[in-house]
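So this block is upload16.cif, mmCIF, C-alpha atoms:
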data_query
loop_
_atom_site.label_atom_id
_atom_site.label_comp_id
_atom_site.auth_asym_id
_atom_site.auth_seq_id
_atom_site.Cartn_x
_atom_site.Cartn_y
_atom_site.Cartn_z
CA MET M 1 0.00 0.00 0.00
CA ALA M 2 1.23 3.47 -0.86
CA ARG M 3 0.02 6.74 0.63
CA VAL M 4 -1.23 8.87 -2.29
CA LEU M 5 -1.10 12.64 -1.78
CA LEU M 6 -2.86 15.21 -3.98
CA PHE M 7 -1.89 18.90 -3.95
CA GLY M 8 -3.46 22.14 -5.14
CA ARG M 9 -6.36 21.87 -7.58
CA LEU M 10 -5.94 18.06 -7.82
CA ALA M 11 -7.24 17.70 -4.24
CA ASP M 12 -10.22 19.93 -5.08
CA VAL M 13 -11.03 17.85 -8.17
CA ALA M 14 -10.83 14.59 -6.19
CA GLY M 15 -12.45 15.79 -2.96
CA TRP M 16 -9.64 14.14 -0.95
CA ARG M 17 -5.93 14.85 -0.31
CA GLU M 18 -4.62 11.60 1.09
CA ARG M 19 -5.58 7.97 0.54
CA GLN M 20 -3.99 4.52 0.83
CA VAL M 21 -3.96 2.74 -2.55
CA GLU M 22 -2.57 -0.66 -3.59
CA ALA M 23 -0.98 -0.56 -7.08
CA GLY M 24 2.02 -2.21 -8.72
CA SER M 25 3.31 0.84 -10.56
CA VAL M 26 2.66 4.54 -11.07
CA ALA M 27 0.93 3.79 -14.39
CA ALA M 28 -1.31 1.20 -12.68
CA LEU M 29 -2.07 3.70 -9.93
CA ARG M 30 -3.11 6.33 -12.51
CA THR M 31 -5.42 3.75 -14.16
CA LEU M 32 -7.00 2.82 -10.82
CA LEU M 33 -7.57 6.44 -9.84
CA ALA M 34 -9.03 7.26 -13.28
CA GLN M 35 -11.41 4.25 -13.08
CA ASP M 36 -12.61 5.48 -9.70
CA ASP M 37 -12.90 9.14 -10.79
CA ALA M 38 -12.65 10.09 -14.47
CA ALA M 39 -12.27 13.82 -13.72
CA LEU M 40 -9.31 13.09 -11.43
CA GLY M 41 -7.76 10.78 -14.03
CA GLU M 42 -7.94 13.59 -16.58
CA ALA M 43 -6.54 16.16 -14.12
CA LEU M 44 -3.59 13.87 -13.24
CA ALA M 45 -2.75 13.53 -16.94
CA GLY M 46 -2.94 17.32 -17.43
CA PRO M 47 -0.03 19.54 -18.52
CA GLY M 48 2.64 20.23 -15.92
CA VAL M 49 1.49 17.62 -13.38
CA GLN M 50 4.56 15.97 -11.83
CA VAL M 51 4.84 12.84 -9.70
CA ALA M 52 7.12 12.40 -6.70
CA LEU M 53 7.93 9.02 -5.13
CA ASP M 54 9.01 9.38 -1.51
CA GLN M 55 9.66 13.08 -2.22
CA GLU M 56 11.83 12.50 -5.33
CA ILE M 57 10.50 13.70 -8.72
CA LEU M 58 9.90 10.78 -11.08
CA ARG M 59 10.17 10.91 -14.88
CA GLY M 60 8.11 8.26 -16.67
CA ASP M 61 6.86 5.14 -14.89
CA ALA M 62 8.24 3.13 -11.96
CA PRO M 63 7.20 0.17 -9.82
CA LEU M 64 5.74 1.08 -6.43
CA ALA M 65 7.25 -1.81 -4.45
CA GLY M 66 9.04 -0.21 -1.51
CA THR M 67 7.48 3.22 -2.09
CA ALA M 68 5.65 4.68 0.90
CA GLU M 69 4.39 7.93 -0.60
CA VAL M 70 3.24 8.97 -4.08
CA ALA M 71 2.53 12.69 -4.56
CA PHE M 72 0.85 14.28 -7.58
CA LEU M 73 2.00 17.89 -7.98
CA PRO M 74 0.23 20.38 -10.26
CA PRO M 75 2.16 23.40 -11.67
CA MET M 76 3.77 25.30 -8.81
CA SER M 77 3.14 28.91 -7.86
CA GLY M 78 4.88 30.54 -4.90
CA GLY M 79 5.82 34.02 -3.73
CA MET C 1 18.00 30.20 7.02
CA ILE C 2 15.03 28.67 5.23
CA ARG C 3 11.71 28.63 7.05
CA LEU C 4 8.04 28.09 6.27
CA THR C 5 5.57 29.64 8.67
CA ASP C 6 1.79 29.87 9.04
CA GLN C 7 2.16 33.03 11.17
CA PRO C 8 2.42 36.68 10.03
CA PHE C 9 5.98 38.05 10.19
CA ASP C 10 7.73 41.43 10.40
CA PRO C 11 10.16 41.94 7.49
CA GLY C 12 11.89 44.82 9.32
CA ALA C 13 12.74 42.61 12.28
CA LEU C 14 14.03 39.90 9.92
CA LEU C 15 16.26 42.42 8.13
CA SER C 16 17.67 43.73 11.43
CA ASP C 17 18.48 40.19 12.55
CA PHE C 18 20.03 39.36 9.17
CA CYS C 19 22.34 42.42 9.21
CA ARG C 20 23.56 41.92 12.79
CA GLY C 21 27.24 41.12 13.30
CA ARG C 22 28.36 41.29 9.67
CA ALA C 23 31.60 43.25 9.56
CA GLU C 24 32.90 41.84 6.26
CA VAL C 25 29.79 41.38 4.13
CA GLY C 26 29.39 44.84 2.63
CA ALA C 27 26.00 44.35 0.93
CA VAL C 28 22.61 43.07 1.97
CA ALA C 29 19.64 43.09 -0.44
CA THR C 30 16.08 42.08 0.44
CA PHE C 31 12.77 41.46 -1.25
CA THR C 32 9.38 41.33 0.49
CA GLY C 33 6.32 40.05 -1.37
CA LEU C 34 2.91 41.21 -0.12
CA ALA C 35 -0.48 39.61 -0.76
CA ARG C 36 -2.50 41.76 -3.19
CA ALA C 37 -6.21 42.53 -2.74
CA GLU C 38 -6.71 42.82 -6.56
CA ALA C 39 -9.28 45.61 -6.04
CA GLY C 40 -11.39 43.47 -3.71
CA ALA C 41 -11.35 40.35 -5.93
CA THR C 42 -9.08 38.54 -3.44
CA THR C 43 -10.12 38.47 0.21
CA THR C 44 -7.73 35.68 1.28
CA LEU C 45 -4.74 33.95 -0.27
CA GLU C 46 -4.11 30.35 0.64
CA LEU C 47 -0.71 28.75 0.13
CA GLU C 48 -0.15 25.03 0.32
CA ALA C 49 3.27 23.39 0.65
CA TYR C 50 4.47 19.75 0.72
CA PRO C 51 6.26 19.50 4.10
CA GLY C 52 9.82 18.23 3.69
CA PHE C 53 9.70 18.29 -0.11
CA THR C 54 9.11 22.06 -0.33
CA ASP C 55 11.88 22.83 2.18
CA ALA C 56 14.33 20.57 0.31
CA ALA C 57 13.50 22.15 -3.06
CA ILE C 58 14.02 25.67 -1.67
CA GLY C 59 17.30 24.47 -0.16
CA ARG C 60 18.54 23.36 -3.60
CA ILE C 61 17.50 26.70 -5.16
CA ALA C 62 19.26 28.61 -2.38
CA GLU C 63 22.47 26.56 -2.63
CA ALA C 64 22.55 27.18 -6.40
CA ALA C 65 22.24 30.93 -5.70
CA ARG C 66 24.93 30.78 -3.02
CA ALA C 67 27.37 29.18 -5.47
CA ARG C 68 26.44 31.32 -8.49
CA PHE C 69 26.61 34.70 -6.71
CA GLU C 70 29.21 33.77 -4.05
CA LEU C 71 26.80 34.67 -1.27
CA ALA C 72 28.04 34.96 2.29
CA ASP C 73 24.55 34.10 3.53
CA PHE C 74 20.84 34.09 2.69
CA ALA C 75 17.49 34.07 4.48
CA ILE C 76 14.22 32.85 2.98
CA LEU C 77 10.94 32.95 4.88
CA HIS C 78 7.74 31.87 3.13
CA ARG C 79 4.20 31.91 4.45
CA VAL C 80 1.87 28.94 4.14
CA GLY C 81 -1.82 28.74 5.05
CA LYS C 82 -4.25 31.65 4.88
CA ILE C 83 -2.89 35.16 4.21
CA ALA C 84 -4.79 38.46 4.26
CA PRO C 85 -4.21 41.20 1.62
CA GLY C 86 -1.31 43.45 2.63
CA GLU C 87 0.43 40.78 4.70
CA PRO C 88 3.95 39.67 3.70
CA ILE C 89 4.00 36.30 1.89
CA VAL C 90 7.71 35.96 1.26
CA PHE C 91 10.93 37.53 2.52
CA VAL C 92 14.31 36.99 0.87
CA ALA C 93 17.60 38.47 2.07
CA THR C 94 21.03 37.98 0.51
CA ALA C 95 24.45 38.97 1.82
CA ALA C 96 27.51 39.36 -0.39
CA ARG C 97 30.76 41.35 -0.49
CA HIS C 98 29.39 43.74 -3.11
CA ARG C 99 25.94 45.07 -4.03
CA ARG C 100 25.59 43.64 -7.56
CA ALA C 101 25.81 40.04 -6.35
CA ALA C 102 23.39 40.72 -3.49
CA PHE C 103 20.81 42.37 -5.82
CA GLU C 104 21.10 39.71 -8.51
CA ALA C 105 20.92 36.81 -6.06
CA CYS C 106 17.74 38.27 -4.55
CA ASP C 107 16.20 38.63 -8.03
CA TYR C 108 17.27 35.07 -8.98
CA LEU C 109 15.87 33.58 -5.76
CA MET C 110 12.49 35.26 -6.27
CA ASP C 111 12.23 34.11 -9.90
CA TYR C 112 12.89 30.52 -8.83
CA LEU C 113 10.58 30.73 -5.80
CA LYS C 114 7.75 32.01 -8.04
CA SER C 115 7.73 29.16 -10.51
CA ARG C 116 9.98 26.32 -9.25
CA ALA C 117 9.34 26.10 -5.53
CA PRO C 118 6.61 23.59 -4.61
CA PHE C 119 3.81 25.89 -3.47
CA TRP C 120 0.21 25.96 -4.63
CA LYS C 121 -1.62 29.25 -4.34
CA LYS C 122 -5.38 29.72 -4.17
CA GLU C 123 -7.16 33.06 -4.28
CA HIS C 124 -10.43 33.29 -2.35
CA GLY C 125 -12.81 36.14 -3.23
CA PRO C 126 -16.46 37.15 -3.44
CA ASP C 127 -16.78 35.21 -6.73
CA GLY C 128 -15.37 31.98 -5.27
CA ALA C 129 -11.87 30.48 -5.26
CA ARG C 130 -9.33 29.85 -8.00
CA TRP C 131 -5.90 28.20 -8.17
CA VAL C 132 -3.10 30.41 -9.48
CA GLU C 133 -0.55 28.91 -11.86
CA PRO C 134 2.68 30.50 -13.12
CA ARG C 135 2.08 33.21 -15.74
CA ASP C 136 3.99 33.42 -19.03
CA GLN C 137 5.88 36.32 -17.46
CA ASP C 138 7.08 34.07 -14.62
CA HIS C 139 8.44 31.56 -17.13
CA ALA C 140 10.11 34.37 -19.11
CA ASP C 141 11.64 35.75 -15.88
CA ILE C 142 13.27 32.45 -14.99
CA ARG C 143 14.68 31.98 -18.51
CA ARG C 144 16.72 35.20 -18.10
CA TRP C 145 19.09 33.27 -15.81
CA ASP C 146 19.81 30.66 -18.50
CA ALA C 147 20.59 33.36 -21.08
CA ASN C 148 22.99 35.06 -18.66
CA SER C 149 24.93 32.00 -17.61
#
The structure in this file should be written as structure tokens.
Amino acid sequence: MARVLLFGRLADVAGWRERQVEAGSVAALRTLLAQDDAALGEALAGPGVQVALDQEILRGDAPLAGTAEVAFLPPMSGG
Amino acid sequence: MIRLTDQPFDPGALLSDFCRGRAEVGAVATFTGLARAEAGATTTLELEAYPGFTDAAIGRIAEAARARFELADFAILHRVGKIAPGEPIVFVATAARHRRAAFEACDYLMDYLKSRAPFWKKEHGPDGARWVEPRDQDHADIRRWDANS
């Protein structure tokens, strides 16, 4: 089980910010989340959305074995 | 010093602390960002961070600035949570031997904080709430540092 975290507008789209999900890979996790909530699936695939595994930015796909935390990060805006 | 806080802060007090005991530094530059009311359209700003991840990302930005501009020191304080118009959101101070490096490092840090630091900003107003994403100008601002390198 990985702890899935949603930030910014992604949490508003989903109506939750943290959930435990069982998935073999990031791609499988995206599919599961999209099956459960099509609007969230679309938002996660949107431009500029990054994924971090245990607080490290991931490019592409990766297995989730040994990963405690998966975060979906929409485009950032500080200051 | 890098710190995230959900409490209002006094930029003057931060500047006084930052300047204290620096006999060899020569130049300190600061920037303070304030929450804008946008003529009443924004009643509250809300900033979300990813604890641990956001701090680490700001640390990498700050270390890049320290190396590039040969900074003696820096201070970055960023608000999270709910912020009222007119309140400071961000404070950046840089210390260097000469003014040019201090000014440029402050400018560089703010450009990176605006569009590369993991914060998510929501504006609440009478017409509802909306998430703010980096503007084209923010992307253009950060590209200046590639062209100059």
Produce a table with one row for each residue of chain C that has an atom at most 6 Å from any atom of chain M, each row naming the nearest atom pair and its distance in Å at one decimal; use only C-alpha atoms; arrange rows by chain and rising residue number; format as a tab-separated table.
residue	atom	partner	partner_atom	distance
C:Phe53	CA	M:Gln55	CA	5.6
C:Val90	CA	M:Gly79	CA	5.7
C:Leu113	CA	M:Gly78	CA	5.8
C:Lys114	CA	M:Gly78	CA	4.5
C:Ser115	CA	M:Ser77	CA	5.3
C:Pro118	CA	M:Met76	CA	5.4
C:Phe119	CA	M:Gly78	CA	5.0
C:Trp120	CA	M:Ser77	CA	5.3
C:Lys121	CA	M:Ser77	CA	5.9
C:Glu133	CA	M:Ser77	CA	5.4
C:Pro134	CA	M:Ser77	CA	5.5
Discussion item. Using all atoms listed in the file, which protein or nucleic acid residues come within 12 Å of region 18-21 of chain M? Drop anything in the same chain fewer than 3 positions from it, and give the result as an MDAnalysis selection string.
Written reply: chainID M and resid 1:7 10:12 14:15 24:26 28:33 36 64 67:72
Item to complete: Using the chain letters and residue numbers of this document, give as a list of chain:residue names the residues selected by the PyMOL selection byres ((chain C and resi 72) around 8).
Response: C:Val25, C:Arg66, C:Glu70, C:Leu71, C:Asp73, C:Phe74, C:Thr94, C:Ala95, C:Ala96, C:Arg97
Practice prompt. Work out how far CA of Asp141 (chain C) is from CA of Asp111 (chain C), in Å to one decimal.
Written response: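 CA of Asp141 (chain C) lies 6.2 Å from CA of Asp111 (chain C).
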Worksheet item: If you count only C-alpha atoms, which residues fall within 9 Å of Ile83 (chain C), apart from same-chain ones fewer than 3 positions away, as a PyMOL selection string?
Response: chain C and resi 6-8+35+43-47+79-80+86-89
Output the selection as a PDB file, keeping the file's coordinate frame - C-alpha atoms for each residue.
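Saved as again-v7.pdb:
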ATOM      1  CA  ASP C   6       1.790  29.870   9.040  1.00  0.00           C
ATOM      2  CA  GLN C   7       2.160  33.030  11.170  1.00  0.00           C
ATOM      3  CA  PRO C   8       2.420  36.680  10.030  1.00  0.00           C
ATOM      4  CA  ALA C  35      -0.480  39.610  -0.760  1.00  0.00           C
ATOM      5  CA  THR C  43     -10.120  38.470   0.210  1.00  0.00           C
ATOM      6  CA  THR C  44      -7.730  35.680   1.280  1.00  0.00           C
ATOM      7  CA  LEU C  45      -4.740  33.950  -0.270  1.00  0.00           C
ATOM      8  CA  GLU C  46      -4.110  30.350   0.640  1.00  0.00           C
ATOM      9  CA  LEU C  47      -0.710  28.750   0.130  1.00  0.00           C
ATOM     10  CA  ARG C  79       4.200  31.910   4.450  1.00  0.00           C
ATOM     11  CA  VAL C  80       1.870  28.940   4.140  1.00  0.00           C
ATOM     12  CA  GLY C  86      -1.310  43.450   2.630  1.00  0.00           C
ATOM     13  CA  GLU C  87       0.430  40.780   4.700  1.00  0.00           C
ATOM     14  CA  PRO C  88       3.950  39.670   3.700  1.00  0.00           C
ATOM     15  CA  ILE C  89       4.000  36.300   1.890  1.00  0.00           C
TER      16      ILE C  89
END
The PyMOL selection byres ((chain C and resi 106) around 7) resolved against shown file, as a compact mmCIF listing (two decimals) with C-alpha atoms, in the coordinates of the input:
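result-v7.txt was written with the following content:
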# COMPACT_ATOMS: atom_id res chain seq x y z
CA ALA C 29 19.64 43.09 -0.44
CA THR C 30 16.08 42.08 0.44
CA PHE C 31 12.77 41.46 -1.25
CA VAL C 92 14.31 36.99 0.87
CA ALA C 93 17.60 38.47 2.07
CA THR C 94 21.03 37.98 0.51
CA ALA C 102 23.39 40.72 -3.49
CA PHE C 103 20.81 42.37 -5.82
CA GLU C 104 21.10 39.71 -8.51
CA ALA C 105 20.92 36.81 -6.06
CA ASP C 107 16.20 38.63 -8.03
CA TYR C 108 17.27 35.07 -8.98
CA LEU C 109 15.87 33.58 -5.76
CA MET C 110 12.49 35.26 -6.27
Worksheet item: Suppose you want the space between CA of Leu44 (chain M) and CA of Asp138 (chain C); what is it in Å?
Response: 22.9 Å
Item to complete: Please provide as a list in words all residues within 10 Å of Leu4 (chain C), with the sequence filter that same-chain residues fewer than 6 positions apart are discarded (counting all atoms listed in the file).
Response: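 Contacts, in chain order: Ala49, Pro51, Thr54, Asp55, Ile76, Leu77, His78, Arg79, Val80, Gly81 and Val90 of chain C.
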Item to complete: For Ala57 (chain C), list every protein, DNA or RNA residue within 9 Å, evaluated using only C-alpha atoms, and leave out those in the same chain fewer than 4 positions away; present the list as a list in words.
Response: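 Here the answer would be Gly52, Phe53, Ile61, Ala62, Arg116, Ala117 and Pro118 of chain C.
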Discussion item. Between CA of Asp10 (chain C) and CA of His124 (chain C), what is the distance in Å, rounded to a tenth?
Written reply: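 We find that CA of Asp10 (chain C) and CA of His124 (chain C) lie 23.6 Å from each other.
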Discussion item. With all atoms listed in the file as the counted atoms, please give the residues lying no more than 9 Å from Cys19 (chain C), apart from itself and same-chain residues fewer than 3 positions off, as a list in words.
Written reply: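 Listing them by chain and then by number gives Leu14, Leu15, Ser16, Arg22, Val28 and Ala95 of chain C.
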